[in-house]
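Below is one structure, written out as structure tokens, with a few remarks after it.
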Amino acid sequence: MFLPLRNLREMSELMKRVTQVGYGLAVAASLLIISPVRAQVADSSVVDSTFIVEEVLNLPTIPEATLRERLPKLQRQIPLPYNKVVHNFIDYFTYRKPSYTRMVMERMPFYFPMYEKTLAKYNMPDELKYLSIVESALNPRAVSRVGAGGLWQFMPYTGKDFKLNIDDYTDDRMDPQKATDAACRYLKELYGTFGDWEMALAAYNCGPGAVRRAMRRSGGTTFWTCYDFLPKETRSYVPQFIAIAYMMNYGPDHGIVAEHPDYPIAFDTVQVNSYLDLKTFADLSQMPLADLRKLNPAISTDRLPDYTRDFVLRVPSERMHHFQSNRRMIMDSASKLPVLMANMLLAHSEEAGSSLDSANDPAHWRVASRLADAVPVSAVVVAENDPAGAGQALPEPDDLETVVMRKPKKQSHTVRRGETLSEIAERYHVDTYDLKQWNHLHSKTVKVGQKLTILREAGETHTERMAKQDSPKNHRKAETTARHERERPRYHRVQSGDTLWNIAQRYGLLSIDKLKKINHIKGNSVRPGQKLLVG
């Protein structure tokens with residue numbers, strides 16, 4: 001039954017509102033048929049004088065015909081099928097999170113040449129390079145709360161299986177070349193097990209055991225025939241991989257471009273066989289410490305211990321001549337071991353070391369996989385180095401599939417005098433680039449009284465947190481954390497040949513009696529590996 005319009009003004013106002021939120025005429029017509037004239041397009045409530053919150057009932061979408069035409073053109077060895085699930089993920093990265101797409105597009109030039117070379121070495125599909133985006137958003141230092149780390153998100157015990165060394169000072173999972181080589185070997189092993197690349201990707205995410213269980217329960221042998229029996233997080237893993245492959249190739253066609261691409265830094269290498277302070281080394285070599293850190297993300301702190309042997313340090317080629325000309329002076333100064341530094345570990349590093357020891361205990365071994373079968377991906381939350389929240393668990397993120405399938409909320413903000421686009425974006429906890437894309441802005445300039453559309457997602461995903469972990473804001477948080485760490489208790493790891501006397505002498509301010517008292521030692525002996533509080 002059609003409901004009569006009361007007057008032309010009401011119809012005009014309704015159509016104006018429909019146009020503002022981006023709905024088509026067909027949606028407007030359906031609203032006129034099923035709703036009273038004064039019924040709103042969506043439930044809304046005035047939150048304050050600047051914005052209205054309402055449910056977005058319709059969003060832009062890439063035409064199905066376009067995706068059906070383009071995906072086969074990208075397909076090589078790994079199937080890239082079209083279906084509604086894949087379509088939803090592509091729309092998500094195109095219209096709802098363009099900032100994420102742009103960010104990883106900017107990081108691609110730094111890592112993809114090395115990925116392509118390594119994949120070719122193992123005669124593996126070139127398109128596997130996109131998997132690292134799904135895993136870590138191309139952040140080599142990304143670490144999840146359950147311990148997965150690096151570009152390819154290896155768990156500590158899986159990393160050990162693939163010869164990735166982890167200790168208090170270095171973590172090979174963070175080394176792009178070593179981790180990529182290990183990932184290629186692991187993926188090749190999984191492909192050998194399942195004979196299907198999509199199933200190998202699923203196993204990389206949730207573990208071979210979970211994939212085998214899905215196969216038994218479904219009777220299927222492919223990802224899509226086992227789809228309903230896989231863990232929920234894994235069901236979104238392959239569609240996300242396909243969506244990322246599409247976006248990295250067709251992003252510019254949708255107005256998303258890498259505005260500030262990150263290109264590889266040409267480097268030479270220096271072999272280190274002793275203690276080395278990276279800050280001193282960088283300062284004397286006249287090279288940016290940030291570049292040194294970027295080239296050596298496997299170094300967990302800004303120093304290497306005195307037991308370092310055959311460590312290959314990458315240094316920017318443009319400063320190599322100065323280093324070679326002053327090599328002895330630079331190395332003598334940078335390798336001078338501070339009195340209070342030898343074998344000293346921060347308390348939180350010791351705790352991390354204990355967890356690694358536990359992971360390598362045979363009693364705790366599990367099937368080698370990036371995530372233990374019992375650990376859902378939704379629990380893989382990125383630790384954001386927030387000193388104010390130290391010791392407090394971050395809320396678990398929503399899994400990506402849930403967020404993608406939910407409709408976001410729309411907020412309309414009216415620009416006030418003195419407001420900038422960046423300030424508005426920060427207020428609503430969204431990216432400035434997203435705000436520009438949603439409102440078709442070509443610059444950051446906004447006018448007083450201008451109405452801006454803001455999309456608010458149903459939740460924050462692991463993918464988003466992983467991307468944010470390498471943001472400038474989090475770098476500032478990390479520096480604050482480092483200052484706090486200097487105030488934490490410090491420990492000495494007992495080495496072979498150590499005695500209470502030489503340990504007390506090493507740290508200067510301690511007497512043997514005080515060292516024994518604070519560590520509750522009754523005798524006069526210590527054993528290698530023992531942890532002693534020294535300050």
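Within each chain, counting starts at residue 1; across the structure tokens, chains are named A, B, ... in the order shown, with ligands numbered 1 upward in that order.
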Determine, for each residue of region 72-178 of chain A having at least one atom at most 12 Å from an atom of region 428-436 of chain A, the closest pair of atoms and their separation in Å to one decimal, counting only C-alpha atoms; order by chain and ascending number, as JSON lines.
{"residue": "A:Tyr92", "atom": "CA", "partner": "A:Asp434", "partner_atom": "CA", "distance": 11.9}
{"residue": "A:Phe93", "atom": "CA", "partner": "A:Asp434", "partner_atom": "CA", "distance": 10.8}
{"residue": "A:Thr94", "atom": "CA", "partner": "A:Asp434", "partner_atom": "CA", "distance": 10.2}
{"residue": "A:Tyr95", "atom": "CA", "partner": "A:Asp434", "partner_atom": "CA", "distance": 8.5}
{"residue": "A:Arg96", "atom": "CA", "partner": "A:Asp434", "partner_atom": "CA", "distance": 7.6}
{"residue": "A:Lys97", "atom": "CA", "partner": "A:Asp434", "partner_atom": "CA", "distance": 6.6}
{"residue": "A:Pro98", "atom": "CA", "partner": "A:Asp434", "partner_atom": "CA", "distance": 6.0}
{"residue": "A:Ser99", "atom": "CA", "partner": "A:Asp434", "partner_atom": "CA", "distance": 5.6}
{"residue": "A:Tyr100", "atom": "CA", "partner": "A:Asp434", "partner_atom": "CA", "distance": 8.9}
{"residue": "A:Thr101", "atom": "CA", "partner": "A:Asp434", "partner_atom": "CA", "distance": 10.3}
{"residue": "A:Arg102", "atom": "CA", "partner": "A:Tyr433", "partner_atom": "CA", "distance": 8.9}
{"residue": "A:Met103", "atom": "CA", "partner": "A:Tyr433", "partner_atom": "CA", "distance": 10.1}
Requested write-out: C-alpha atoms of the selected residues, as a PDB file, in the first residue's frame:
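result_17.pdb, freshly written:
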ATOM      1  CA  TYR A  92      36.022  -2.668   2.239  1.00  0.00           C
ATOM      2  CA  PHE A  93      39.600  -1.853   1.219  1.00  0.00           C
ATOM      3  CA  THR A  94      38.405   0.460  -1.561  1.00  0.00           C
ATOM      4  CA  TYR A  95      35.734   2.587   0.081  1.00  0.00           C
ATOM      5  CA  ARG A  96      35.865   2.019   3.815  1.00  0.00           C
ATOM      6  CA  LYS A  97      39.615   1.768   4.517  1.00  0.00           C
ATOM      7  CA  PRO A  98      41.416   3.462   1.628  1.00  0.00           C
ATOM      8  CA  SER A  99      44.091   4.703   4.056  1.00  0.00           C
ATOM      9  CA  TYR A 100      45.153   1.131   4.809  1.00  0.00           C
ATOM     10  CA  THR A 101      45.356   0.350   1.096  1.00  0.00           C
ATOM     11  CA  ARG A 102      47.426   3.460   0.411  1.00  0.00           C
ATOM     12  CA  MET A 103      49.766   2.735   3.323  1.00  0.00           C
TER      13      MET A 103
END
Which of region 71-235 of chain A counts as strand (DSSP E or B) under DSSP, as a ChimeraX atom specification please? /A:143-144,149,154,166,170-171
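Coordinates place CA of Arg107 (chain A) at a distance of 22.0 Å from CA of Leu313 (chain A).
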Point-to-point distance in Å for CA of Leu131 (chain A) and CA of Ala148 (chain A): 15.0 Å
Residues near region 215-220 of chain A, anyone? I mean within 8 Å using only C-alpha atoms, not counting same-chain ones fewer than 5 positions away, as a PyMOL selection string. chain A and resi 225-226+229
Excluding same-chain residues fewer than 3 positions from Leu289 (chain A), what lies within 8 Å of it counting only C-alpha atoms, as a PyMOL selection string? chain A and resi 278-279+282-283+292-293
Would you save the residues from that selection as a PDB file, in the first residue's frame, using C-alpha atoms?
ATOM      1  CA  LEU A 278      74.153   1.521  17.388  1.00  0.00           C
ATOM      2  CA  LYS A 279      73.556   5.114  18.494  1.00  0.00           C
ATOM      3  CA  ALA A 282      75.420   5.987  13.721  1.00  0.00           C
ATOM      4  CA  ASP A 283      76.557   9.271  15.230  1.00  0.00           C
ATOM      5  CA  LEU A 292      70.282   2.038  10.538  1.00  0.00           C
ATOM      6  CA  ARG A 293      67.263   0.760  12.462  1.00  0.00           C
TER       7      ARG A 293
END
Going by DSSP on the backbone, which residues of region 46-208 of chain A come out as helix (DSSP H, G or I)? List them as a PyMOL selection string. chain A and resi 64-74+84-96+98-121+126-136+156-161+172-174+176-194+197-206+208
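Using only C-alpha atoms, the contacts of Asn524 (chain A) at a cut-off of 9 Å, with sequence neighbours closer than 5 positions omitted, comprise Thr499, Leu500 and Lys516 of chain A.
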Who sits within 8 Å of region 113-116 of chain A, only C-alpha atoms, same chain under 4 positions skipped, as number ranges by chain: A: 109, 120, 126, 129, 177, 180
Let's have the selection written as a PDB file, in the first residue's frame, with N, CA, C and O atoms.
ATOM      1  N   PRO A 109      57.274  -0.980  -2.444  1.00  0.00           N
ATOM      2  CA  PRO A 109      58.556  -0.908  -3.145  1.00  0.00           C
ATOM      3  C   PRO A 109      59.754  -1.288  -2.285  1.00  0.00           C
ATOM      4  O   PRO A 109      60.785  -1.727  -2.809  1.00  0.00           O
ATOM      5  N   ALA A 120      61.196 -16.509  -6.518  1.00  0.00           N
ATOM      6  CA  ALA A 120      61.742 -17.090  -7.756  1.00  0.00           C
ATOM      7  C   ALA A 120      62.817 -18.130  -7.432  1.00  0.00           C
ATOM      8  O   ALA A 120      62.915 -19.167  -8.098  1.00  0.00           O
ATOM      9  N   ASP A 126      54.654 -15.998  -7.671  1.00  0.00           N
ATOM     10  CA  ASP A 126      55.037 -14.624  -7.368  1.00  0.00           C
ATOM     11  C   ASP A 126      53.987 -13.918  -6.529  1.00  0.00           C
ATOM     12  O   ASP A 126      54.298 -13.060  -5.703  1.00  0.00           O
ATOM     13  N   LYS A 129      53.669 -12.916  -2.590  1.00  0.00           N
ATOM     14  CA  LYS A 129      54.201 -11.700  -1.944  1.00  0.00           C
ATOM     15  C   LYS A 129      53.097 -10.908  -1.259  1.00  0.00           C
ATOM     16  O   LYS A 129      53.361 -10.201  -0.276  1.00  0.00           O
ATOM     17  N   GLN A 177      64.921 -10.504   5.104  1.00  0.00           N
ATOM     18  CA  GLN A 177      65.460 -11.532   4.217  1.00  0.00           C
ATOM     19  C   GLN A 177      65.376 -12.920   4.836  1.00  0.00           C
ATOM     20  O   GLN A 177      64.940 -13.878   4.187  1.00  0.00           O
ATOM     21  N   THR A 180      61.654 -13.974   5.163  1.00  0.00           N
ATOM     22  CA  THR A 180      61.053 -14.287   3.867  1.00  0.00           C
ATOM     23  C   THR A 180      61.531 -15.639   3.364  1.00  0.00           C
ATOM     24  O   THR A 180      60.743 -16.435   2.830  1.00  0.00           O
TER      25      THR A 180
END
Would you list the contacts of region 299-305 of chain A as an mmCIF file with N, CA and C atoms, in the first residue's frame, taking every protein, DNA or RNA residue within 10 Å and counting only C-alpha atoms, but skipping same-chain residues closer than 4 positions in sequence?
data_model
loop_
_atom_site.group_PDB
_atom_site.id
_atom_site.type_symbol
_atom_site.label_atom_id
_atom_site.label_comp_id
_atom_site.auth_asym_id
_atom_site.auth_seq_id
_atom_site.Cartn_x
_atom_site.Cartn_y
_atom_site.Cartn_z
ATOM 1 N N ARG A 141 58.566 -5.067 12.185
ATOM 2 C CA ARG A 141 58.632 -5.164 13.640
ATOM 3 C C ARG A 141 57.285 -5.493 14.279
ATOM 4 N N ILE A 166 66.349 -16.314 18.047
ATOM 5 C CA ILE A 166 65.677 -15.328 18.890
ATOM 6 C C ILE A 166 66.396 -15.278 20.237
ATOM 7 N N ASP A 167 66.885 -14.095 20.617
ATOM 8 C CA ASP A 167 67.473 -13.955 21.948
ATOM 9 C C ASP A 167 67.103 -12.573 22.489
ATOM 10 N N ASP A 168 67.802 -12.156 23.523
ATOM 11 C CA ASP A 168 67.440 -10.900 24.172
ATOM 12 C C ASP A 168 67.775 -9.661 23.342
ATOM 13 N N TYR A 169 68.625 -9.821 22.328
ATOM 14 C CA TYR A 169 69.077 -8.655 21.567
ATOM 15 C C TYR A 169 68.679 -8.681 20.097
ATOM 16 N N THR A 170 68.511 -9.869 19.536
ATOM 17 C CA THR A 170 68.144 -9.962 18.123
ATOM 18 C C THR A 170 67.011 -10.964 17.941
ATOM 19 N N ASP A 171 66.231 -10.739 16.908
ATOM 20 C CA ASP A 171 65.113 -11.621 16.578
ATOM 21 C C ASP A 171 65.058 -11.749 15.061
ATOM 22 N N ASP A 172 65.506 -12.903 14.552
ATOM 23 C CA ASP A 172 65.582 -13.106 13.105
ATOM 24 C C ASP A 172 64.213 -13.083 12.431
ATOM 25 N N MET A 174 62.290 -10.757 12.611
ATOM 26 C CA MET A 174 62.161 -9.377 12.179
ATOM 27 C C MET A 174 63.101 -9.047 11.015
ATOM 28 N N ASP A 175 63.990 -9.954 10.672
ATOM 29 C CA ASP A 175 64.900 -9.733 9.555
ATOM 30 C C ASP A 175 64.165 -10.057 8.262
ATOM 31 N N VAL A 272 80.117 -7.728 12.575
ATOM 32 C CA VAL A 272 80.303 -7.333 13.977
ATOM 33 C C VAL A 272 80.618 -8.567 14.807
ATOM 34 N N ASN A 273 81.667 -8.468 15.626
ATOM 35 C CA ASN A 273 82.083 -9.591 16.468
ATOM 36 C C ASN A 273 82.311 -9.156 17.910
ATOM 37 N N SER A 274 81.565 -8.171 18.352
ATOM 38 C CA SER A 274 81.731 -7.693 19.723
ATOM 39 C C SER A 274 80.517 -6.862 20.090
ATOM 40 N N TYR A 275 80.591 -6.285 21.275
ATOM 41 C CA TYR A 275 79.540 -5.340 21.677
ATOM 42 C C TYR A 275 79.521 -4.178 20.684
ATOM 43 N N LEU A 276 78.304 -3.646 20.417
ATOM 44 C CA LEU A 276 78.197 -2.494 19.529
ATOM 45 C C LEU A 276 77.006 -1.643 19.944
ATOM 46 N N ASP A 277 77.266 -0.364 20.159
ATOM 47 C CA ASP A 277 76.207 0.588 20.456
ATOM 48 C C ASP A 277 75.809 1.261 19.149
ATOM 49 N N LEU A 278 74.590 1.013 18.691
ATOM 50 C CA LEU A 278 74.153 1.521 17.388
ATOM 51 C C LEU A 278 74.070 3.042 17.357
ATOM 52 N N LYS A 279 73.668 3.655 18.467
ATOM 53 C CA LYS A 279 73.556 5.114 18.494
ATOM 54 C C LYS A 279 74.924 5.760 18.319
ATOM 55 N N THR A 280 75.922 5.236 19.022
ATOM 56 C CA THR A 280 77.280 5.757 18.881
ATOM 57 C C THR A 280 77.800 5.501 17.477
ATOM 58 N N PHE A 281 77.555 4.305 16.984
ATOM 59 C CA PHE A 281 78.000 3.932 15.636
ATOM 60 C C PHE A 281 77.394 4.876 14.596
ATOM 61 N N LEU A 289 70.271 7.417 12.438
ATOM 62 C CA LEU A 289 69.979 6.235 13.241
ATOM 63 C C LEU A 289 68.706 5.549 12.730
ATOM 64 N N LEU A 292 69.591 3.219 10.009
ATOM 65 C CA LEU A 292 70.282 2.038 10.538
ATOM 66 C C LEU A 292 69.273 1.069 11.151
ATOM 67 N N ARG A 293 68.311 1.605 11.884
ATOM 68 C CA ARG A 293 67.263 0.760 12.462
ATOM 69 C C ARG A 293 66.413 0.116 11.370
ATOM 70 N N LYS A 294 66.105 0.884 10.344
ATOM 71 C CA LYS A 294 65.253 0.382 9.265
ATOM 72 C C LYS A 294 65.933 -0.742 8.496
ATOM 73 N N LEU A 295 67.235 -0.630 8.324
ATOM 74 C CA LEU A 295 67.976 -1.662 7.617
ATOM 75 C C LEU A 295 68.238 -2.891 8.484
ATOM 76 N N ARG A 309 78.840 -12.620 17.487
ATOM 77 C CA ARG A 309 79.811 -13.170 16.552
ATOM 78 C C ARG A 309 79.186 -13.255 15.165
ATOM 79 N N PHE A 311 77.828 -11.185 13.169
ATOM 80 C CA PHE A 311 76.561 -10.507 12.868
ATOM 81 C C PHE A 311 76.779 -9.561 11.697
ATOM 82 N N LEU A 313 75.833 -6.444 9.880
ATOM 83 C CA LEU A 313 75.143 -5.173 10.065
ATOM 84 C C LEU A 313 75.034 -4.456 8.721
ATOM 85 N N ALA A 334 82.341 2.720 19.397
ATOM 86 C CA ALA A 334 81.007 2.108 19.435
ATOM 87 C C ALA A 334 81.009 0.739 20.099
ATOM 88 N N SER A 335 82.181 0.093 20.151
ATOM 89 C CA SER A 335 82.244 -1.246 20.752
ATOM 90 C C SER A 335 82.779 -1.226 22.183
ATOM 91 N N LEU A 337 82.505 -1.341 25.802
ATOM 92 C CA LEU A 337 81.459 -1.902 26.660
ATOM 93 C C LEU A 337 81.305 -1.074 27.938
ATOM 94 N N MET A 341 76.765 -2.248 31.630
ATOM 95 C CA MET A 341 75.966 -2.816 30.561
ATOM 96 C C MET A 341 76.167 -4.305 30.380
ATOM 97 N N ALA A 342 77.365 -4.802 30.720
ATOM 98 C CA ALA A 342 77.693 -6.175 30.385
ATOM 99 C C ALA A 342 76.686 -7.176 30.946
ATOM 100 N N ASN A 343 76.140 -7.972 30.055
ATOM 101 C CA ASN A 343 75.193 -9.041 30.423
ATOM 102 C C ASN A 343 73.979 -8.540 31.180
ATOM 103 N N MET A 344 73.669 -7.244 31.081
ATOM 104 C CA MET A 344 72.537 -6.694 31.807
ATOM 105 C C MET A 344 71.293 -6.737 30.945
ATOM 106 N N SER A 349 62.535 -7.799 29.380
ATOM 107 C CA SER A 349 63.197 -8.662 28.413
ATOM 108 C C SER A 349 63.394 -10.055 28.979
ATOM 109 N N ALA A 482 60.662 3.522 26.325
ATOM 110 C CA ALA A 482 62.089 3.301 26.534
ATOM 111 C C ALA A 482 62.596 4.094 27.734
#
